[in-house]
file start_13.txt (compact mmCIF, C-alpha atoms)
# COMPACT_ATOMS: atom_id res chain seq x y z
CA MET A 10 -33.70 -3.99 -3.48
CA LEU A 11 -30.65 -1.87 -2.76
CA PRO A 12 -28.59 -2.76 0.29
CA THR A 13 -28.81 0.77 1.68
CA ASP A 14 -31.19 3.62 1.10
CA GLN A 15 -29.87 7.10 0.49
CA TYR A 16 -30.43 8.18 4.09
CA SER A 17 -28.50 5.46 5.80
CA PRO A 18 -24.78 6.02 6.34
CA ARG A 19 -22.49 4.70 3.63
CA VAL A 20 -18.88 3.53 3.88
CA HIS A 21 -16.44 6.50 4.18
CA ASP A 22 -19.13 8.87 5.53
CA LEU A 23 -18.02 10.88 8.56
CA LEU A 24 -20.49 10.93 11.42
CA LEU A 25 -20.66 13.28 14.36
CA LEU A 26 -22.03 11.38 17.34
CA ARG A 27 -24.22 13.15 19.84
CA ALA A 28 -22.91 10.95 22.57
CA GLY A 29 -19.64 9.24 21.87
CA ILE A 30 -20.93 5.84 22.82
CA VAL A 31 -19.24 3.30 20.65
CA SER A 32 -19.39 -0.34 21.55
CA SER A 33 -17.75 -3.47 20.33
CA ALA A 34 -18.88 -7.04 20.68
CA ASP A 35 -15.51 -8.70 20.50
CA VAL A 36 -12.61 -6.38 21.27
CA ALA A 37 -11.94 -4.40 24.44
CA LYS A 38 -11.58 -0.66 24.03
CA PRO A 39 -7.98 0.51 24.06
CA ALA A 40 -7.19 3.22 26.64
CA TRP A 41 -6.96 5.99 24.02
CA VAL A 42 -10.55 5.28 22.91
CA SER A 43 -11.88 5.49 26.45
CA SER A 44 -10.05 8.79 26.93
CA SER A 45 -11.56 10.32 23.75
CA PRO A 46 -14.12 13.06 24.44
CA ALA A 47 -17.52 11.55 25.19
CA SER A 48 -19.49 14.08 23.17
CA ASN A 49 -19.04 15.43 19.65
CA LEU A 50 -16.95 12.51 18.53
CA TRP A 51 -16.31 12.20 14.79
CA VAL A 52 -16.15 8.65 13.47
CA VAL A 53 -15.88 7.14 9.99
CA VAL A 54 -18.26 4.51 8.62
CA ARG A 55 -16.44 1.20 8.16
CA ARG A 56 -17.08 -1.48 5.57
CA ALA A 57 -18.68 -4.00 7.89
CA ILE A 58 -22.10 -5.43 8.59
CA ALA A 59 -23.70 -3.93 11.68
CA PRO A 60 -26.60 -5.23 13.76
CA ASP A 61 -29.99 -3.51 13.28
CA GLY A 62 -30.01 0.10 14.41
CA LEU A 63 -26.23 0.28 14.62
CA VAL A 64 -23.58 1.43 12.18
CA ALA A 65 -20.02 0.07 11.99
CA VAL A 66 -17.59 2.90 12.64
CA GLY A 67 -13.89 3.51 13.08
CA ILE A 68 -12.34 5.88 15.60
CA ARG A 69 -9.10 7.66 14.81
CA GLY A 70 -6.53 8.29 17.52
CA ILE A 71 -3.67 10.72 17.49
CA ASN A 72 -1.12 8.59 15.69
CA ARG A 73 -1.54 6.39 12.67
CA GLN A 74 -1.48 3.11 14.59
CA GLN A 75 -4.46 4.22 16.64
CA ARG A 76 -7.52 2.96 14.81
CA TRP A 77 -10.37 1.18 16.49
CA GLY A 78 -13.50 -0.37 15.04
CA GLY A 79 -16.79 -0.49 16.90
CA PHE A 80 -20.49 0.18 16.47
CA ALA A 81 -22.50 3.33 17.06
CA ASP A 82 -26.23 3.76 17.49
CA VAL A 83 -27.78 5.36 14.37
CA ALA A 84 -30.00 7.42 16.72
CA ASN A 85 -26.87 9.10 18.11
CA VAL A 86 -25.77 10.48 14.74
CA LYS A 87 -25.99 14.28 14.95
CA GLU A 88 -24.40 15.12 11.63
CA ARG A 89 -23.33 13.17 8.59
CA LEU A 90 -20.86 14.25 5.92
CA HIS A 91 -20.45 12.40 2.64
CA PRO A 92 -16.96 12.70 1.03
CA SER A 93 -18.37 14.79 -1.87
CA GLN A 94 -19.44 17.43 0.69
CA LEU A 95 -15.81 17.94 1.77
CA SER A 96 -13.60 20.35 -0.12
CA PHE A 97 -10.38 22.27 0.33
CA HIS A 98 -12.15 25.53 1.20
CA MET A 99 -13.11 23.94 4.54
CA ALA A 100 -9.44 23.77 5.56
CA CYS A 101 -7.61 26.48 7.42
CA ARG A 102 -6.09 28.63 4.63
CA THR A 103 -2.53 28.26 5.85
CA ARG A 104 -2.84 24.48 5.40
CA ILE A 105 -2.23 24.91 1.64
CA VAL A 106 1.46 24.27 2.48
CA VAL A 107 0.59 20.66 3.38
CA PRO A 108 1.16 18.60 0.18
CA ALA A 109 -1.91 16.32 0.49
CA LEU A 110 -4.23 19.32 1.01
CA ALA A 111 -2.60 21.26 -1.83
CA ALA A 112 -3.11 18.19 -4.04
CA LEU A 113 -6.82 18.14 -3.15
CA SER A 114 -7.14 21.80 -4.08
CA TRP A 115 -5.44 21.03 -7.41
CA LEU A 116 -7.63 17.96 -8.02
CA GLU A 117 -10.80 19.98 -7.43
CA GLY A 118 -9.75 22.10 -10.42
CA GLN A 119 -9.30 18.97 -12.55
CA LEU A 120 -12.40 16.93 -11.75
CA ASP A 121 -15.87 18.41 -11.77
CA LYS A 122 -17.93 17.40 -8.74
CA SER A 123 -21.17 17.99 -10.62
CA GLU A 124 -20.39 15.07 -12.92
CA LEU A 125 -18.72 12.66 -10.54
CA ASP A 126 -19.57 11.73 -6.95
CA TRP A 127 -16.13 11.90 -5.33
CA GLY A 128 -14.37 13.40 -2.34
CA PRO A 129 -11.50 13.09 0.11
CA VAL A 130 -11.42 10.35 2.73
CA GLY A 131 -8.68 9.25 5.17
CA SER A 132 -6.79 11.92 7.08
CA VAL A 133 -7.64 14.69 4.57
CA GLY A 134 -11.39 14.01 4.78
CA PHE A 135 -11.18 13.82 8.56
CA GLU A 136 -9.37 17.15 8.86
CA LEU A 137 -11.84 18.94 6.58
CA ALA A 138 -14.84 17.61 8.50
CA THR A 139 -13.51 18.11 12.01
CA GLY A 140 -10.98 20.91 11.84
CA GLN A 141 -8.51 18.70 13.68
CA GLN A 142 -5.17 19.06 11.90
CA VAL A 143 -4.34 15.38 11.38
CA VAL A 144 -2.86 15.60 7.87
CA THR A 145 0.95 15.50 7.97
CA GLY A 146 3.64 16.36 5.45
CA THR A 147 3.88 12.72 4.42
CA SER A 148 0.13 11.95 4.22
CA ASP A 149 -1.26 10.51 0.99
CA LEU A 150 -4.43 11.88 -0.55
CA ASP A 151 -7.13 9.22 -0.18
CA ILE A 152 -10.13 9.66 -2.46
CA ALA A 153 -13.44 7.78 -2.68
CA LEU A 154 -15.20 7.73 -6.05
CA PHE A 155 -18.80 6.51 -5.93
CA ALA A 156 -19.85 4.64 -9.05
CA PRO A 157 -23.14 2.77 -8.63
CA THR A 158 -23.14 2.06 -12.37
CA ARG A 159 -20.34 0.48 -14.37
CA PHE A 160 -17.67 2.52 -16.14
CA THR A 161 -15.23 1.09 -18.63
CA ARG A 162 -11.51 0.49 -18.20
CA GLU A 163 -11.00 3.24 -20.78
CA THR A 164 -12.84 5.72 -18.54
CA ALA A 165 -10.84 4.44 -15.56
CA ARG A 166 -7.62 5.08 -17.48
CA GLU A 167 -8.69 8.64 -18.32
CA LEU A 168 -9.56 9.35 -14.68
CA TRP A 169 -6.39 7.76 -13.36
CA SER A 170 -4.21 9.64 -15.88
CA VAL A 171 -5.48 12.87 -14.30
CA MET A 172 -5.09 11.73 -10.69
CA LYS A 173 -1.73 10.01 -10.92
CA VAL A 174 0.13 13.19 -11.88
CA ALA A 175 -0.79 14.88 -8.58
CA ALA A 176 2.15 16.05 -6.48
CA VAL A 177 1.42 13.45 -3.77
CA LYS A 178 0.42 9.80 -3.96
CA VAL A 179 -3.33 9.63 -4.63
CA ASP A 180 -5.14 6.47 -3.54
CA VAL A 181 -8.54 6.22 -5.22
CA ARG A 182 -11.13 3.75 -3.94
CA VAL A 183 -14.01 3.17 -6.35
CA GLU A 184 -17.22 2.23 -4.52
CA THR A 185 -19.97 0.29 -6.27
CA LEU A 186 -23.19 -0.41 -4.38
CA TYR A 187 -21.64 -3.53 -2.91
CA CYS A 188 -17.84 -3.35 -2.93
CA GLY A 189 -14.79 -1.16 -3.18
CA PHE A 190 -11.66 -1.49 -5.34
CA SER A 191 -8.61 0.48 -6.47
CA LEU A 192 -8.97 2.76 -9.51
CA GLU A 193 -5.24 2.40 -10.16
CA GLU A 194 -5.49 -1.37 -10.37
CA TYR A 195 -8.64 -1.32 -12.54
CA ALA A 196 -6.99 1.17 -14.90
CA ARG A 197 -3.84 -0.87 -15.30
CA GLU A 198 -3.44 -2.34 -18.77
CA GLU A 199 -2.26 -5.81 -17.82
CA THR A 200 -4.66 -6.40 -14.93
CA GLY A 201 -7.16 -9.19 -15.45
CA GLN A 202 -8.72 -9.27 -12.02
CA VAL A 203 -8.94 -6.64 -9.31
CA LEU A 204 -9.09 -7.09 -5.56
CA VAL A 205 -12.55 -6.14 -4.31
CA ARG A 206 -13.39 -5.38 -0.70
CA LEU A 207 -16.67 -6.63 0.70
CA PRO A 208 -17.98 -6.17 4.26
CA GLU A 209 -16.92 -9.63 5.35
CA SER A 210 -14.26 -10.63 2.84
CA ARG A 211 -12.02 -9.78 -0.04
CA GLN A 212 -11.99 -11.48 -3.42
CA LEU A 213 -10.66 -11.15 -6.95
CA ALA A 214 -13.05 -10.11 -9.71
CA THR A 215 -12.78 -9.30 -13.42
CA ASP A 216 -15.83 -7.05 -13.29
CA PRO A 217 -16.30 -5.44 -9.85
CA TRP A 218 -19.85 -4.33 -10.73
CA SER A 219 -20.88 -7.96 -11.09
CA VAL A 220 -19.98 -8.61 -7.44
CA SER A 221 -22.90 -8.41 -5.07
CA VAL A 222 -23.72 -9.38 -1.53
CA ILE A 223 -26.69 -11.56 -0.84
CA LYS A 224 -28.21 -10.23 2.36
CA ASP A 225 -30.97 -11.76 4.39
CA GLU A 226 -34.25 -9.93 4.11
CA LYS A 227 -34.94 -8.13 7.34
CA MET B 15 8.36 1.56 8.20
CA GLU B 16 9.86 -1.89 8.61
CA GLN B 17 11.97 -4.17 6.41
CA ILE B 18 11.48 -7.94 6.75
CA GLU B 19 13.41 -10.73 4.98
CA PHE B 20 12.79 -14.48 4.74
CA ASP B 21 14.56 -17.34 2.94
CA TYR B 22 12.98 -20.58 1.77
CA PRO B 23 15.94 -22.68 0.55
CA ALA B 24 13.75 -25.72 -0.21
CA ALA B 25 11.86 -23.88 -2.99
CA LYS B 26 14.00 -24.96 -5.92
CA ARG B 27 11.71 -25.36 -8.96
CA ARG B 28 12.95 -23.17 -11.79
CA ILE B 29 10.77 -20.18 -12.68
CA THR B 30 11.07 -18.20 -15.91
CA LYS B 31 8.32 -15.57 -15.79
CA LYS B 32 7.67 -12.60 -13.61
CA ALA B 33 4.58 -10.89 -12.26
CA HIS B 34 3.73 -7.45 -10.94
CA ILE B 35 0.46 -7.48 -9.02
CA GLY B 36 -1.47 -5.17 -6.71
CA VAL B 37 -1.16 -1.54 -5.69
CA VAL B 38 0.41 0.35 -2.79
CA GLY B 39 -2.83 1.73 -1.35
CA SER B 40 -4.40 1.66 2.11
CA GLY B 41 -5.00 -1.93 3.17
CA ASP B 42 -3.38 -3.33 0.06
CA MET B 43 0.09 -4.19 -1.25
CA GLU B 44 2.17 -4.51 -4.39
CA VAL B 45 4.03 -7.73 -5.12
CA LEU B 46 6.81 -8.33 -7.61
CA MET B 47 7.54 -12.00 -8.22
CA GLU B 48 10.46 -12.97 -10.45
CA PRO B 49 13.00 -15.79 -10.94
CA ALA B 50 15.45 -16.01 -8.02
CA GLN B 51 19.05 -14.94 -8.62
CA SER B 52 20.41 -17.68 -6.38
CA GLU B 53 19.18 -21.07 -5.17
CA GLY B 54 15.93 -21.16 -3.20
CA ALA B 55 13.33 -18.49 -2.69
CA HIS B 56 13.85 -15.12 -1.07
CA VAL B 57 11.21 -12.73 0.27
CA SER B 58 11.75 -9.07 1.13
CA ILE B 59 8.94 -6.96 2.53
CA THR B 60 8.78 -3.23 3.06
CA THR B 61 5.79 -2.43 5.21
CA SER B 62 4.27 0.78 6.57
CA VAL B 63 2.89 -1.13 9.55
CA ASP B 64 5.48 -2.11 12.18
CA GLY B 65 5.42 -5.11 14.48
CA PHE B 66 3.84 -7.81 12.29
CA GLN B 67 6.91 -9.93 11.50
CA ARG B 68 5.32 -13.06 12.98
CA SER B 69 2.13 -12.67 10.91
CA TRP B 70 4.19 -12.29 7.74
CA LYS B 71 6.22 -15.38 8.67
CA ALA B 72 3.01 -17.37 9.16
CA VAL B 73 1.65 -16.28 5.77
CA PHE B 74 4.85 -17.19 3.91
CA ASP B 75 5.34 -20.49 5.76
CA ARG B 76 1.85 -21.40 4.58
CA PHE B 77 2.50 -20.13 1.06
CA PHE B 78 5.77 -22.09 0.67
CA SER B 79 4.18 -25.24 2.09
CA LYS B 80 2.29 -25.41 -1.24
CA PHE B 81 4.50 -23.47 -3.63
CA ASP B 82 8.03 -24.66 -4.49
CA GLY B 83 9.18 -22.13 -7.12
CA ALA B 84 12.63 -20.53 -6.77
CA VAL B 85 11.33 -16.96 -6.77
CA ARG B 86 12.41 -13.64 -5.52
CA ILE B 87 9.42 -11.86 -3.99
CA ARG B 88 9.43 -8.18 -3.23
CA ILE B 89 6.48 -6.64 -1.40
CA ASN B 90 5.54 -3.03 -0.78
CA ASP B 91 2.86 -3.21 1.87
CA ALA B 92 0.43 -0.52 3.00
CA GLY B 93 -1.39 -2.55 5.65
CA ALA B 94 -2.83 -5.49 3.69
CA THR B 95 -4.72 -8.06 5.78
CA PRO B 96 -3.35 -11.65 5.83
CA GLY B 97 -6.29 -12.65 3.57
CA SER B 98 -5.38 -9.98 1.01
CA VAL B 99 -1.71 -10.98 1.13
CA MET B 100 -2.67 -14.57 0.25
CA LEU B 101 -4.96 -13.42 -2.60
CA ARG B 102 -2.18 -11.25 -4.03
CA LEU B 103 0.37 -14.08 -3.82
CA GLU B 104 -2.04 -16.51 -5.52
CA GLN B 105 -2.70 -13.92 -8.23
CA ALA B 106 1.06 -13.54 -8.82
CA VAL B 107 1.56 -17.31 -8.99
CA GLU B 108 -1.21 -17.51 -11.58
CA VAL B 109 0.59 -14.95 -13.76
CA ILE B 110 3.99 -16.67 -13.59
CA SER B 111 2.37 -20.06 -14.27
CA GLN B 112 0.63 -18.95 -17.48

call {"tool": "encode", "arguments": {"input": "start_13.txt", "output": "structure tokens"}}
result
Amino acid sequence: MLPTDQYSPRVHDLLLLRAGIVSSADVAKPAWVSSSPASNLWVVVRRAIAPDGLVAVGIRGINRQQRWGGFADVANVKERLHPSQLSFHMACRTRIVVPALAALSWLEGQLDKSELDWGPVGSVGFELATGQQVVTGTSDLDIALFAPTRFTRETARELWSVMKVAAVKVDVRVETLYCGFSLEEYAREETGQVLVRLPESRQLATDPWSVSVIKDEK
Amino acid sequence: MEQIEFDYPAAKRRITKKAHIGVVGSGDMEVLMEPAQSEGAHVSITTSVDGFQRSWKAVFDRFFSKFDGAVRIRINDAGATPGSVMLRLEQAVEVISQ
């Protein structure tokens, strides 16, 4: 059985919450979270295990230190955007002067979305989904590439050779069904093992697609 | 952006190899481990996340309580968690020990 069905939110998805009620079991809300608008709050799905009916989300503040992780009720999700649904044409046209957004526009011409499930995440993804201009002149371009089935290091090298020549630093996270890892690291010639991110831990693995999470049957 | 430096003069075992591990991506870091130029080990960290000097100190105190190589370690950090830092350091040690 797959850990998630296609309708449940996946890591990196952006969610628009009907009511901005985000709770946390362990950490008190910082003041900037409490002062965020209570309705129409955009949050990003985190890589974490959430209790039944809830989804682990992150809230972005105004500056880069302001990140807060909590849980939102799945029933409060009004809209959901997967990274592949986000593209440069959703940005305000004048934003082409911002290097990370220009790099996305360029990358869209290099990589066909019909063949690969990929899209912008991080500040670029957030700006495209919300219209809030959070991308700065020094922002990187963060990309998520969804690969439920294994691809070879040779394929990784071909993909990375396209992405690494972008005008800004491109950070590509490959997502298997269970974990995430860096395309750059996987593509590197001398790398034996890559660092894989799991909901509760990180570990080193030679083949990231062989890493799985044993979950209790619900 | 913050620059942090530590010295571990007791780490004196001679090292001959070097390692380049990890990537500068969100929540990760790059580490370059090579033979020290002078006696003892020296660590220099460039991090995008300010204010975590004490956490870095704790990680390296723990690392050098087990590792005694005279290495020069350079880190480019983009917000790696302490757990990831340890994994990256162990990975680098494995490469220089081969």

call {"tool": "closest_residue", "arguments": {"input": "start_13.txt", "among": "A:Pro108, A:Gly140, A:Gly79, A:Gly189", "to": "chain B", "atoms": "all atoms listed in the file"}}
result
A:Gly189

call {"tool": "atom_distance", "arguments": {"input": "start_13.txt", "atom1": "CA of Asp75 (chain B)", "atom2": "CA of Leu204 (chain A)"}}
result
22.7 Å

call {"tool": "atom_distance", "arguments": {"input": "start_13.txt", "atom1": "CA of Arg206 (chain A)", "atom2": "CA of Arg56 (chain A)"}}
result
8.3 Å

call {"tool": "residues_around", "arguments": {"input": "start_13.txt", "residues": "Glu19 (chain B)", "least_positions_apart": "2", "cutoff": "9 Å", "atoms": "all atoms listed in the file", "output": "PyMOL selection string"}}
result
chain B and resi 17+21+56-59

call {"tool": "closest_atom_pairs", "arguments": {"input": "start_13.txt", "of": "chain A", "to": "chain B", "cutoff": "8 Å", "atoms": "all atoms listed in the file", "output": "Markdown table"}}
result
| residue | atom | partner | partner_atom | distance |
| --- | --- | --- | --- | --- |
| A:Gln74 | CA | B:Val63 | CA | 7.9 |
| A:Asp180 | CA | B:Gly39 | CA | 5.7 |
| A:Ser191 | CA | B:Val37 | CA | 7.8 |
| A:Glu193 | CA | B:Val37 | CA | 7.2 |
| A:Glu194 | CA | B:Val37 | CA | 6.4 |
| A:Thr200 | CA | B:Ile35 | CA | 7.9 |
| A:Leu204 | CA | B:Gly36 | CA | 7.9 |
| A:Arg211 | CA | B:Ser98 | CA | 6.7 |
| A:Gln212 | CA | B:Leu101 | CA | 7.3 |
| A:Leu213 | CA | B:Leu101 | CA | 7.5 |

call {"tool": "closest_residue", "arguments": {"input": "start_13.txt", "among": "A:Thr103, A:Arg162, A:Lys178, A:Pro157", "to": "Ser221 (chain A)", "atoms": "all atoms listed in the file"}}
result
A:Pro157

call {"tool": "decode", "arguments": {"input": "start_13.txt", "residues": "region 65-91 of chain B", "atoms": "N, CA and C atoms", "output": "CSV table (one decimal), in the first residue's frame"}}
result
chain,number,residue,atom,x,y,z
B,65,GLY,N,23.5,32.8,14.6
B,65,GLY,CA,23.1,32.6,16.0
B,65,GLY,C,23.1,31.2,16.5
B,66,PHE,N,23.8,30.3,15.8
B,66,PHE,CA,23.9,28.9,16.3
B,66,PHE,C,25.3,28.5,16.7
B,67,GLN,N,26.1,29.4,17.1
B,67,GLN,CA,27.5,29.1,17.4
B,67,GLN,C,27.6,28.0,18.5
B,68,ARG,N,26.7,28.1,19.5
B,68,ARG,CA,26.8,27.1,20.6
B,68,ARG,C,26.4,25.7,20.1
B,69,SER,N,25.4,25.6,19.2
B,69,SER,CA,25.1,24.3,18.6
B,69,SER,C,26.2,23.7,17.8
B,70,TRP,N,26.9,24.5,17.1
B,70,TRP,CA,28.0,24.1,16.3
B,70,TRP,C,29.1,23.6,17.2
B,71,LYS,N,29.4,24.3,18.3
B,71,LYS,CA,30.4,24.0,19.3
B,71,LYS,C,30.1,22.6,19.9
B,72,ALA,N,28.8,22.4,20.2
B,72,ALA,CA,28.4,21.1,20.8
B,72,ALA,C,28.6,20.0,19.8
B,73,VAL,N,28.3,20.2,18.6
B,73,VAL,CA,28.5,19.1,17.6
B,73,VAL,C,30.0,18.8,17.4
B,74,PHE,N,30.8,19.8,17.3
B,74,PHE,CA,32.3,19.5,17.1
B,74,PHE,C,33.0,19.0,18.4
B,75,ASP,N,32.5,19.4,19.6
B,75,ASP,CA,33.1,18.9,20.8
B,75,ASP,C,32.8,17.4,20.8
B,76,ARG,N,31.6,17.0,20.4
B,76,ARG,CA,31.2,15.6,20.4
B,76,ARG,C,32.0,14.9,19.3
B,77,PHE,N,32.1,15.5,18.1
B,77,PHE,CA,32.9,14.8,17.0
B,77,PHE,C,34.3,14.6,17.4
B,78,PHE,N,35.0,15.6,18.0
B,78,PHE,CA,36.4,15.5,18.4
B,78,PHE,C,36.6,14.7,19.7
B,79,SER,N,35.5,14.3,20.3
B,79,SER,CA,35.7,13.4,21.5
B,79,SER,C,36.0,12.0,21.0
B,80,LYS,N,35.6,11.7,19.7
B,80,LYS,CA,35.8,10.4,19.2
B,80,LYS,C,36.9,10.4,18.1
B,81,PHE,N,37.1,11.5,17.4
B,81,PHE,CA,38.0,11.6,16.3
B,81,PHE,C,39.2,12.4,16.6
B,82,ASP,N,40.4,11.9,16.3
B,82,ASP,CA,41.6,12.5,16.7
B,82,ASP,C,42.5,13.0,15.6
B,83,GLY,N,42.0,13.0,14.3
B,83,GLY,CA,42.8,13.3,13.2
B,83,GLY,C,43.1,14.8,13.1
B,84,ALA,N,44.4,15.1,12.7
B,84,ALA,CA,44.7,16.5,12.5
B,84,ALA,C,44.2,17.0,11.1
B,85,VAL,N,43.0,17.5,11.1
B,85,VAL,CA,42.3,17.8,9.9
B,85,VAL,C,42.0,19.3,9.9
B,86,ARG,N,41.9,19.8,8.7
B,86,ARG,CA,41.3,21.1,8.5
B,86,ARG,C,39.9,20.9,7.9
B,87,ILE,N,38.9,21.4,8.6
B,87,ILE,CA,37.5,21.2,8.1
B,87,ILE,C,36.9,22.5,7.7
B,88,ARG,N,36.4,22.6,6.5
B,88,ARG,CA,35.7,23.8,6.0
B,88,ARG,C,34.3,23.4,5.7
B,89,ILE,N,33.4,24.2,6.2
B,89,ILE,CA,31.9,23.9,6.0
B,89,ILE,C,31.2,25.1,5.4
B,90,ASN,N,30.4,24.8,4.4
B,90,ASN,CA,29.5,25.8,3.8
B,90,ASN,C,28.1,25.3,4.2
B,91,ASP,N,27.5,26.0,5.1
B,91,ASP,CA,26.2,25.4,5.6
B,91,ASP,C,25.0,26.2,5.1
